[in-house]
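**Q** Pasting in a structure now, in structure tokens, and then I'll have a few things to ask.
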Amino acid sequence: MASQSDELVFLPLGGSNEIGMNFNLYGFGPPHDRRWIVVDLGVTFGDQLTPGVEVILPDPTFIEEYADRILGIVITHAHEDHLGAVAWLWPRLKAPVYATPFTAFILREKLREADLLDEVELHEVPLGGEIDLGPFHLELITLTHSIPEPNGLAIKTPLGTVLHTGDWKIDPDPVLGQVTDQDAIRKLGDEGVLAMVCDSTNVFVEGVAGSEAEVRDALTPLIGQMKGKVAVACFASNVARMNSVARAAKANGRRVCLVGRSMHRMAAAAKSVGLMTDLDPFVTEQEAGHYPANEILFLCTGSQGEPRAALARIAEGTHPHVSLGAGDACVFSSRVIPGNEIPIRNLQNRLADRGVRLYTERDHPGIHVSGHPCRDELAEMYRWARPQIAVPTHGERRHLLEHVAFARDLQVPQQIAPRNGDMVRLAPGRAEIVDEVPAGRLFVDAGVLTPENGEALRERRHAAHNGVVAVSVALDKRGRIVAGPQIKALGLPTDEDYPLDEVMDDLSVAATEALNRLSGDDRDLDSTVETAMSRAVKKASQRIWGRRPVVETTVLRV
């Protein structure tokens, strides 16, 4: 029973206004004493704007202050953008974690790598199971997606029920796992759904995403046309796709070799819950070398051009066991994630340069289907659930706003599209944003968590765009120049009319003049000397290149 002061709020700290890094909170109780549950705790990945940073996490600072009020962390499925941050951020939250068997298997491996397995209270929940967390009663609803065991959550509270979909699609023939539990969703709709917090990834795409069975049917004849060695690149987490590829390979007399650590991890997780147990055993990379070219298929990680993944090493010719060349083929059974266009293109060009023939979704549309709902599937979900409030999530701003318009067209009474950090009161009263809390990012930089705007990354970005100049000078005890100033430049251009040697001489002159302008007392202070020379070199660099590089100055006393 709810009291007059109780409120039900939804607070995204990641995954709203972006695709990835999902981190959602639900709070119940009076504003001064809410109890919270966390739904998903994922990561996103670095790009050209974050040099040296591979993994990016949501900043938990807000909820960390209320860690003693977190009743549980519930993971909807095992994709990195939904669970990848658990091992990094659990020490700051320290709440029990709940997941279905496949997801729990993946999570245990990550916790073991982080030396947290014995610390984290991890509860394995059966498919269709229930979880009681204070005022929240959660029922897991089986959906379909591009990974085993995707779950929607019916979050029941004294102020109403929220259907949190997680990632989903409607696949009538998912190859592995169960079909979408339509009856459970319709039953929720009959009982009354206050709000649906829903995936927005494909809101601009008409029709339906398509079935995994269609991919299996497309891959079999395609692979049958190939004569040499075949590599198939797909997301390792798409276990159904692994299954489809394996069956297509068998139908064409080929054995399958998994290449890449993630492939082996996902295959082990699948077998642990009874999936893919009826396939022929995979051959090892060493064993694969003994098969004729037309009897082997390599199932590889690296479809997004990741530089350290298996396919990148094959393309570079540095993989210790697997090689591709003229007469061989590579099938990209995956989509291009926005932002990865350049590394994927570079990877494909390297493969083509080796004589490998490429097959992609662009020229063979049937070899990949999305794991997210298109407009017809969204409309169907709304007809089943009939929520009073539509809350789009898992999308960039344009996705969320289009989802709002789509829900309005479907006659959903209320729609609201929060940004990360917007606290939405779902009940009582009309849905509205009632507060805004900090919602930033943390970067994993060389294994260390750093703030989004940390000094190291700022300097790295500045150096990447403007170059680096190193200035060194040797002074005697009276501050007179013994040697130098010596100048070295990195990442700065030159030309025939103004060769680099002359540029370095001019910068050295600027540093020397700055040093000569200092009084004797000022020359006794290394910091004063460094500042003066640095300013002079930056000013000269601005004149020469139109840039202000990072200037590192060293003073040696002899």
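In the structure tokens, the first chain shown is A, the next is B, and so on; residue numbers restart at 1 for each chain, and ligands run from 1 in the order shown.
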Could you build a table of the residues in range 49-93 of chain A lying no more than 8 Å from range 21-39 of chain A, giving for each the nearest pair of atoms and their separation in Å rounded to one decimal place, using only C-alpha atoms, ordered by chain and ascending residue number, as CSV?
**A**
residue,atom,partner,partner_atom,distance
A:Ile56,CA,A:Met21,CA,7.9
A:Leu57,CA,A:Met21,CA,6.6
A:Pro58,CA,A:Met21,CA,6.5
A:Arg69,CA,A:Arg35,CA,5.2
A:Ile70,CA,A:Trp36,CA,4.7
A:Leu71,CA,A:Ile37,CA,5.5
A:Gly72,CA,A:Ile37,CA,5.2
A:Ile73,CA,A:Val38,CA,4.6
A:Val74,CA,A:Val39,CA,4.9
A:Ile75,CA,A:Val39,CA,5.9
A:Thr76,CA,A:Val39,CA,7.2
A:Asp81,CA,A:Met21,CA,4.8
A:His82,CA,A:Asn22,CA,5.4
**Q** Could you save those same residues with N, CA and C atoms as a PDB file, in the first residue's frame?
**A**
ATOM      1  N   ILE A  56      34.054   2.872 -22.011  1.00  0.00           N
ATOM      2  CA  ILE A  56      33.464   4.030 -21.339  1.00  0.00           C
ATOM      3  C   ILE A  56      32.302   3.545 -20.482  1.00  0.00           C
ATOM      4  N   LEU A  57      32.239   4.030 -19.246  1.00  0.00           N
ATOM      5  CA  LEU A  57      31.226   3.598 -18.279  1.00  0.00           C
ATOM      6  C   LEU A  57      30.326   4.768 -17.898  1.00  0.00           C
ATOM      7  N   PRO A  58      29.107   4.484 -17.458  1.00  0.00           N
ATOM      8  CA  PRO A  58      28.282   5.555 -16.884  1.00  0.00           C
ATOM      9  C   PRO A  58      28.822   5.947 -15.512  1.00  0.00           C
ATOM     10  N   ARG A  69      20.656   2.241  -0.135  1.00  0.00           N
ATOM     11  CA  ARG A  69      19.231   2.128  -0.450  1.00  0.00           C
ATOM     12  C   ARG A  69      18.987   1.354  -1.744  1.00  0.00           C
ATOM     13  N   ILE A  70      20.054   0.828  -2.370  1.00  0.00           N
ATOM     14  CA  ILE A  70      19.877   0.033  -3.582  1.00  0.00           C
ATOM     15  C   ILE A  70      19.505  -1.389  -3.176  1.00  0.00           C
ATOM     16  N   LEU A  71      18.345  -1.848  -3.617  1.00  0.00           N
ATOM     17  CA  LEU A  71      17.854  -3.168  -3.229  1.00  0.00           C
ATOM     18  C   LEU A  71      18.387  -4.273  -4.131  1.00  0.00           C
ATOM     19  N   GLY A  72      18.760  -3.919  -5.348  1.00  0.00           N
ATOM     20  CA  GLY A  72      19.279  -4.942  -6.255  1.00  0.00           C
ATOM     21  C   GLY A  72      19.629  -4.363  -7.609  1.00  0.00           C
ATOM     22  N   ILE A  73      20.502  -5.081  -8.317  1.00  0.00           N
ATOM     23  CA  ILE A  73      20.889  -4.756  -9.688  1.00  0.00           C
ATOM     24  C   ILE A  73      20.391  -5.902 -10.558  1.00  0.00           C
ATOM     25  N   VAL A  74      19.481  -5.599 -11.480  1.00  0.00           N
ATOM     26  CA  VAL A  74      18.866  -6.631 -12.314  1.00  0.00           C
ATOM     27  C   VAL A  74      19.372  -6.458 -13.747  1.00  0.00           C
ATOM     28  N   ILE A  75      19.943  -7.515 -14.309  1.00  0.00           N
ATOM     29  CA  ILE A  75      20.496  -7.464 -15.659  1.00  0.00           C
ATOM     30  C   ILE A  75      19.528  -8.148 -16.616  1.00  0.00           C
ATOM     31  N   THR A  76      19.112  -7.427 -17.663  1.00  0.00           N
ATOM     32  CA  THR A  76      18.106  -7.981 -18.573  1.00  0.00           C
ATOM     33  C   THR A  76      18.692  -9.007 -19.539  1.00  0.00           C
ATOM     34  N   ASP A  81      26.661  -3.707 -23.511  1.00  0.00           N
ATOM     35  CA  ASP A  81      26.068  -2.402 -23.194  1.00  0.00           C
ATOM     36  C   ASP A  81      24.977  -2.514 -22.133  1.00  0.00           C
ATOM     37  N   HIS A  82      24.800  -3.728 -21.590  1.00  0.00           N
ATOM     38  CA  HIS A  82      23.847  -3.919 -20.495  1.00  0.00           C
ATOM     39  C   HIS A  82      24.493  -4.502 -19.238  1.00  0.00           C
TER      40      HIS A  82
END
**Q** Which of range 56-157 of chain A end up as strand (DSSP E) when DSSP is run on this backbone - answer as a PyMOL selection string?
**A** chain A and resi 56-58+70-74+97-99+122-124+130-133+136-142+151-157
**Q** Using the selection just defined, write its residues with C-alpha atoms as a short mmCIF file (atom, residue, chain, number, x, y, z; two decimals), in the first residue's frame.
**A**
data_model
loop_
_atom_site.label_atom_id
_atom_site.label_comp_id
_atom_site.auth_asym_id
_atom_site.auth_seq_id
_atom_site.Cartn_x
_atom_site.Cartn_y
_atom_site.Cartn_z
CA ILE A 56 33.46 4.03 -21.34
CA LEU A 57 31.23 3.60 -18.28
CA PRO A 58 28.28 5.55 -16.88
CA ILE A 70 19.88 0.03 -3.58
CA LEU A 71 17.85 -3.17 -3.23
CA GLY A 72 19.28 -4.94 -6.26
CA ILE A 73 20.89 -4.76 -9.69
CA VAL A 74 18.87 -6.63 -12.31
CA VAL A 97 22.87 -8.83 -8.64
CA TYR A 98 20.14 -10.82 -10.41
CA ALA A 99 20.38 -12.50 -13.82
CA LEU A 122 24.90 -13.04 -7.59
CA HIS A 123 21.44 -14.60 -7.77
CA GLU A 124 20.56 -16.83 -10.73
CA GLU A 130 10.15 -13.51 -10.08
CA ILE A 131 12.18 -11.26 -7.77
CA ASP A 132 10.94 -9.46 -4.66
CA LEU A 133 12.91 -6.34 -3.77
CA PHE A 136 9.26 -3.78 -6.18
CA HIS A 137 7.93 -7.13 -7.36
CA LEU A 138 9.63 -8.08 -10.63
CA GLU A 139 8.41 -10.67 -13.11
CA LEU A 140 10.75 -11.71 -15.94
CA ILE A 141 9.15 -11.89 -19.37
CA THR A 142 10.84 -13.93 -22.09
CA ASN A 151 14.19 -10.51 -20.58
CA GLY A 152 11.63 -7.80 -20.25
CA LEU A 153 10.77 -6.80 -16.70
CA ALA A 154 7.29 -6.28 -15.32
CA ILE A 155 8.11 -4.02 -12.37
CA LYS A 156 5.07 -4.02 -10.08
CA THR A 157 4.76 -1.39 -7.35
#
**Q** Excluding range 159-169 of chain A and its own-chain neighbours fewer than 4 positions away, which residues fall within 6 Å of it when counting only C-alpha atoms? Please give them as a PDB file with C-alpha atoms, in the first residue's frame.
**A**
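Resulting contents of around36.pdb:
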ATOM      1  CA  THR A 144      13.617 -12.507 -28.392  1.00  0.00           C
ATOM      2  CA  HIS A 145      16.779 -10.591 -29.314  1.00  0.00           C
ATOM      3  CA  GLY A 152      11.631  -7.802 -20.249  1.00  0.00           C
ATOM      4  CA  LEU A 153      10.775  -6.799 -16.700  1.00  0.00           C
ATOM      5  CA  ALA A 154       7.295  -6.281 -15.316  1.00  0.00           C
ATOM      6  CA  ILE A 155       8.109  -4.021 -12.370  1.00  0.00           C
ATOM      7  CA  VAL A 193       0.431  -1.042 -17.438  1.00  0.00           C
ATOM      8  CA  LEU A 194       1.280   2.381 -16.070  1.00  0.00           C
ATOM      9  CA  ALA A 195       4.363   2.933 -18.254  1.00  0.00           C
ATOM     10  CA  MET A 196       6.424   1.124 -20.856  1.00  0.00           C
ATOM     11  CA  VAL A 197      10.134   1.960 -20.994  1.00  0.00           C
ATOM     12  CA  CYS A 198      10.973   0.759 -24.471  1.00  0.00           C
ATOM     13  CA  ASP A 199      13.819   0.158 -26.947  1.00  0.00           C
ATOM     14  CA  GLY A 371      17.984  -7.663 -32.963  1.00  0.00           C
ATOM     15  CA  HIS A 372      15.812  -4.599 -32.338  1.00  0.00           C
ATOM     16  CA  PRO A 373      12.146  -3.887 -33.151  1.00  0.00           C
TER      17      PRO A 373
END
**Q** Neighbours of Pro549 in chain A within 8 Å (only C-alpha atoms; same-chain residues fewer than 2 positions away dropped), as a tab-separated table (two decimals) with N, CA and C atoms, in the first residue's frame?
**A**
chain	number	residue	atom	x	y	z
A	462	HIS	N	44.47	17.36	-27.19
A	462	HIS	CA	45.16	18.57	-27.63
A	462	HIS	C	46.41	18.19	-28.43
A	463	ALA	N	47.15	17.23	-27.93
A	463	ALA	CA	48.36	16.80	-28.64
A	463	ALA	C	48.02	16.17	-29.98
A	466	ASN	N	47.18	19.19	-32.25
A	466	ASN	CA	48.12	20.30	-32.37
A	466	ASN	C	49.59	19.91	-32.34
A	467	GLY	N	49.89	18.66	-32.03
A	467	GLY	CA	51.27	18.22	-31.98
A	467	GLY	C	51.93	18.52	-30.64
A	468	VAL	N	53.21	18.12	-30.54
A	468	VAL	CA	53.97	18.28	-29.30
A	468	VAL	C	55.35	18.86	-29.64
A	469	VAL	N	55.78	19.81	-28.83
A	469	VAL	CA	57.12	20.36	-28.94
A	469	VAL	C	57.82	20.18	-27.61
A	538	LYS	N	55.19	28.53	-27.78
A	538	LYS	CA	53.79	28.45	-28.20
A	538	LYS	C	53.43	29.61	-29.12
A	541	SER	N	55.06	29.04	-32.45
A	541	SER	CA	54.37	27.96	-33.14
A	541	SER	C	53.06	28.45	-33.75
A	547	ARG	N	48.96	26.92	-34.94
A	547	ARG	CA	48.56	25.99	-33.89
A	547	ARG	C	49.35	26.29	-32.62
A	551	VAL	N	53.60	22.00	-25.23
A	551	VAL	CA	55.03	22.29	-25.08
A	551	VAL	C	55.51	21.76	-23.74
**Q** Counting only C-alpha atoms, what is within 8 Å of Gly484 in chain A, bar same-chain residues fewer than 3 positions away, as number ranges by chain?
**A** A: 472-474, 481, 508
**Q** Which residue out of A:Val509, A:Ile296, A:Ile433, A:Leu41 has the minimum interatomic distance to Ala536 in chain A when only C-alpha atoms are used?
**A**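 Of all the options, A:Val509 lies closest to Ala536 in chain A.
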**Q** Using only C-alpha atoms, I'd like a table of the residues in range 288-398 of chain A that come within 6 Å of range 405-419 of chain A; for each, show the closest atom pair and its distance in Å rounded to one decimal, ordered by chain and ascending number, as a Markdown table.
**A**
| residue | atom | partner | partner_atom | distance |
| --- | --- | --- | --- | --- |
| A:Gln388 | CA | A:Pro413 | CA | 5.5 |
| A:Ile389 | CA | A:Gln414 | CA | 4.6 |
| A:Ala390 | CA | A:Gln415 | CA | 4.6 |
| A:Val391 | CA | A:Ile416 | CA | 5.4 |
| A:Pro392 | CA | A:Ala417 | CA | 5.8 |
**Q** List the spatial neighbours of range 262-268 of chain A as number ranges by chain - criterion: any atom at most 12 Å away, only C-alpha atoms, same-chain residues fewer than 4 positions off excluded.
**A** A: 78-80, 102-110, 147-148, 232-243, 246, 256-258, 272-277, 279, 281-285, 298-302, 308-310
**Q** Would you export the selected residues with N, CA and C atoms as a CSV table (one decimal), in the first residue's frame, please?
**A**
chain,number,residue,atom,x,y,z
A,78,ALA,N,22.8,-10.3,-21.7
A,78,ALA,CA,24.3,-10.4,-21.5
A,78,ALA,C,25.1,-9.6,-22.5
A,79,HIS,N,24.5,-8.6,-23.2
A,79,HIS,CA,25.2,-7.8,-24.1
A,79,HIS,C,26.1,-6.8,-23.2
A,80,GLU,N,27.2,-6.4,-23.8
A,80,GLU,CA,28.2,-5.6,-23.1
A,80,GLU,C,27.5,-4.2,-22.7
A,102,PHE,N,22.1,-17.9,-18.5
A,102,PHE,CA,23.1,-17.6,-19.5
A,102,PHE,C,23.9,-16.3,-19.1
A,103,THR,N,23.1,-15.3,-18.8
A,103,THR,CA,23.7,-14.0,-18.4
A,103,THR,C,24.5,-14.1,-17.2
A,104,ALA,N,24.1,-14.9,-16.2
A,104,ALA,CA,24.9,-15.2,-15.0
A,104,ALA,C,26.2,-15.8,-15.3
A,105,PHE,N,26.2,-16.7,-16.3
A,105,PHE,CA,27.5,-17.4,-16.7
A,105,PHE,C,28.5,-16.4,-17.2
A,106,ILE,N,28.0,-15.5,-18.1
A,106,ILE,CA,28.9,-14.5,-18.6
A,106,ILE,C,29.4,-13.5,-17.5
A,107,LEU,N,28.5,-13.2,-16.6
A,107,LEU,CA,28.8,-12.2,-15.6
A,107,LEU,C,29.8,-12.9,-14.6
A,108,ARG,N,29.7,-14.1,-14.3
A,108,ARG,CA,30.6,-14.8,-13.4
A,108,ARG,C,32.0,-14.7,-14.0
A,109,GLU,N,32.2,-14.9,-15.3
A,109,GLU,CA,33.5,-14.9,-15.9
A,109,GLU,C,34.1,-13.5,-15.8
A,110,LYS,N,33.3,-12.5,-15.9
A,110,LYS,CA,33.8,-11.1,-15.8
A,110,LYS,C,34.2,-10.8,-14.3
A,147,ILE,N,20.7,-12.4,-28.7
A,147,ILE,CA,21.5,-13.1,-27.7
A,147,ILE,C,20.5,-14.0,-26.9
A,148,PRO,N,21.0,-15.1,-26.3
A,148,PRO,CA,20.1,-15.9,-25.5
A,148,PRO,C,19.5,-15.2,-24.3
A,232,VAL,N,33.5,-16.3,-41.4
A,232,VAL,CA,32.3,-15.6,-41.2
A,232,VAL,C,32.5,-14.7,-39.9
A,233,ALA,N,32.3,-13.4,-40.0
A,233,ALA,CA,32.4,-12.5,-38.9
A,233,ALA,C,31.1,-12.1,-38.4
A,234,CYS,N,30.8,-12.3,-37.1
A,234,CYS,CA,29.6,-11.8,-36.5
A,234,CYS,C,29.8,-11.5,-35.1
A,235,PHE,N,28.8,-10.9,-34.4
A,235,PHE,CA,28.9,-10.6,-33.0
A,235,PHE,C,29.0,-11.9,-32.2
A,236,ALA,N,30.0,-12.0,-31.4
A,236,ALA,CA,30.1,-13.2,-30.6
A,236,ALA,C,28.9,-13.5,-29.8
A,237,SER,N,28.3,-12.4,-29.3
A,237,SER,CA,27.1,-12.6,-28.4
A,237,SER,C,25.9,-13.2,-29.1
A,238,ASN,N,25.9,-13.1,-30.5
A,238,ASN,CA,24.8,-13.6,-31.2
A,238,ASN,C,24.9,-15.1,-31.4
A,239,VAL,N,24.5,-15.8,-30.3
A,239,VAL,CA,24.7,-17.3,-30.3
A,239,VAL,C,23.8,-18.0,-31.3
A,240,ALA,N,22.6,-17.4,-31.6
A,240,ALA,CA,21.8,-17.9,-32.6
A,240,ALA,C,22.5,-17.8,-34.0
A,241,ARG,N,23.2,-16.8,-34.2
A,241,ARG,CA,23.9,-16.6,-35.5
A,241,ARG,C,25.1,-17.7,-35.6
A,242,MET,N,25.7,-17.9,-34.4
A,242,MET,CA,26.7,-18.9,-34.4
A,242,MET,C,26.1,-20.3,-34.8
A,243,ASN,N,25.0,-20.5,-34.3
A,243,ASN,CA,24.2,-21.8,-34.6
A,243,ASN,C,23.9,-21.8,-36.1
A,246,ALA,N,27.0,-22.5,-38.1
A,246,ALA,CA,27.5,-23.9,-37.9
A,246,ALA,C,26.6,-24.8,-38.7
A,256,VAL,N,33.6,-26.3,-38.4
A,256,VAL,CA,33.7,-24.9,-37.9
A,256,VAL,C,34.8,-24.8,-36.8
A,257,CYS,N,35.6,-23.8,-37.0
A,257,CYS,CA,36.6,-23.4,-36.0
A,257,CYS,C,36.3,-22.0,-35.5
A,258,LEU,N,36.2,-21.9,-34.1
A,258,LEU,CA,36.0,-20.7,-33.5
A,258,LEU,C,37.3,-19.9,-33.4
A,272,SER,N,26.4,-24.2,-21.4
A,272,SER,CA,26.1,-24.4,-20.0
A,272,SER,C,24.6,-24.3,-19.7
A,273,VAL,N,23.8,-23.7,-20.6
A,273,VAL,CA,22.4,-23.7,-20.4
A,273,VAL,C,21.6,-24.6,-21.4
A,274,GLY,N,22.4,-25.5,-22.0
A,274,GLY,CA,21.7,-26.5,-22.9
A,274,GLY,C,21.5,-26.0,-24.3
A,275,LEU,N,22.2,-25.0,-24.8
A,275,LEU,CA,22.0,-24.5,-26.1
A,275,LEU,C,23.2,-25.0,-27.0
A,276,MET,N,23.0,-25.3,-28.2
A,276,MET,CA,24.1,-25.7,-29.2
A,276,MET,C,24.7,-27.0,-28.8
A,277,THR,N,24.1,-27.9,-28.0
A,277,THR,CA,24.7,-29.1,-27.6
A,277,THR,C,24.5,-30.2,-28.7
A,279,LEU,N,25.3,-29.7,-31.9
A,279,LEU,CA,26.2,-29.4,-33.0
A,279,LEU,C,27.4,-30.3,-33.0
A,281,PRO,N,31.3,-31.0,-32.7
A,281,PRO,CA,32.3,-30.3,-32.0
A,281,PRO,C,33.1,-29.4,-32.8
A,282,PHE,N,33.4,-28.2,-32.3
A,282,PHE,CA,34.2,-27.3,-33.0
A,282,PHE,C,35.7,-27.8,-33.1
A,283,VAL,N,36.4,-27.5,-34.2
A,283,VAL,CA,37.8,-27.9,-34.3
A,283,VAL,C,38.6,-26.8,-33.8
A,284,THR,N,39.8,-27.1,-33.3
A,284,THR,CA,40.7,-26.0,-32.8
A,284,THR,C,41.4,-25.4,-33.9
A,285,GLU,N,42.1,-24.2,-33.7
A,285,GLU,CA,42.8,-23.5,-34.7
A,285,GLU,C,43.9,-24.4,-35.3
A,298,PHE,N,35.9,-20.6,-40.6
A,298,PHE,CA,36.3,-19.9,-39.4
A,298,PHE,C,35.2,-19.0,-39.0
A,299,LEU,N,34.8,-19.1,-37.8
A,299,LEU,CA,33.8,-18.2,-37.2
A,299,LEU,C,34.6,-17.2,-36.3
A,300,CYS,N,34.6,-15.9,-36.7
A,300,CYS,CA,35.6,-15.0,-36.2
A,300,CYS,C,34.9,-13.8,-35.4
A,301,THR,N,35.6,-13.3,-34.4
A,301,THR,CA,35.3,-12.0,-33.8
A,301,THR,C,35.9,-10.9,-34.7
A,302,GLY,N,35.5,-9.7,-34.5
A,302,GLY,CA,36.1,-8.6,-35.2
A,302,GLY,C,35.3,-8.0,-36.3
A,308,ARG,N,42.3,-5.4,-32.2
A,308,ARG,CA,42.9,-6.6,-31.6
A,308,ARG,C,42.1,-7.9,-31.7
A,309,ALA,N,41.0,-7.8,-32.5
A,309,ALA,CA,40.2,-9.0,-32.7
A,309,ALA,C,40.8,-9.9,-33.7
A,310,ALA,N,40.2,-11.1,-33.7
A,310,ALA,CA,40.8,-12.2,-34.6
A,310,ALA,C,40.8,-11.8,-36.1
**Q** Tell me which of A:Val537, A:Pro158, A:Arg247, A:Gly189 sits closest to Glu7 in chain A, counting only C-alpha atoms.
**A** A:Pro158
**Q** Can you work out which one of A:Met226, A:Val55, A:Val448, A:Ala218 has the shortest atom-to-atom distance to Val369 in chain A, counting only C-alpha atoms?
**A**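 Closest residue, counting only C-alpha atoms: A:Ala218.
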**Q** Mind the document's chain letters and residue numbers, and return as a PyMOL selection string the residues of range 363-447 of chain A that DSSP labels helix (DSSP H, G or I).
**A** chain A and resi 365-367+375-385+397-409
**Q** Looking at A:Pro438, A:Pro150, A:Pro320, A:Gly355, which one is nearest to Val259 in chain A, with distances taken over only C-alpha atoms?
**A**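 Residue with the minimum atom-to-atom distance to Val259 in chain A: A:Pro320.
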**Q** Write out as a short mmCIF file (atom, residue, chain, number, x, y, z; two decimals) with C-alpha atoms, in the first residue's frame each polymer residue whose atoms come within 10 Å of Glu306 in chain A, counting only C-alpha atoms; drop sequence neighbours fewer than 4 positions from it.
**A**
data_model
loop_
_atom_site.label_atom_id
_atom_site.label_comp_id
_atom_site.auth_asym_id
_atom_site.auth_seq_id
_atom_site.Cartn_x
_atom_site.Cartn_y
_atom_site.Cartn_z
CA THR A 301 35.30 -12.04 -33.84
CA GLY A 302 36.08 -8.58 -35.19
CA ALA A 310 40.77 -12.16 -34.59
CA LEU A 311 39.72 -10.92 -38.02
CA ALA A 312 41.99 -7.86 -37.82
CA ARG A 313 44.98 -10.11 -37.13
CA ASN A 340 32.68 2.06 -36.85
CA PRO A 343 37.74 0.78 -39.10
CA ILE A 344 35.39 -1.66 -40.87
CA LEU A 347 39.60 -4.00 -42.39
#
**Q** Give me, please, the distance in Å between CA of Gly228 in chain A and CA of Glu214 in chain A, quoted to one decimal.
**A**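 Separating CA of Gly228 in chain A from CA of Glu214 in chain A is a distance of 24.5 Å.
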**Q** Using only C-alpha atoms, which of A:Pro338, A:Gly128, A:Pro135, A:Pro96 sits nearest Gln178 in chain A?
**A**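 Of all the options, A:Gly128 lies closest to Gln178 in chain A.
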**Q** From the list A:Asp181, A:Glu396, A:Glu552, A:Asp521, which residue is nearest Glu459 in chain A when using only C-alpha atoms?
**A**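 Smallest distance to Glu459 in chain A is found for A:Glu552.
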**Q** So what do you get for CA of Leu297 in chain A versus CA of Ser244 in chain A, distance-wise?
**A**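 It comes out at 12.6 Å.
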**Q** When you draw a straight line from CA of Arg357 in chain A to CA of Ala326 in chain A, how long is it in Å?
**A**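 Calculated distance between CA of Arg357 in chain A and CA of Ala326 in chain A is 7.9 Å.
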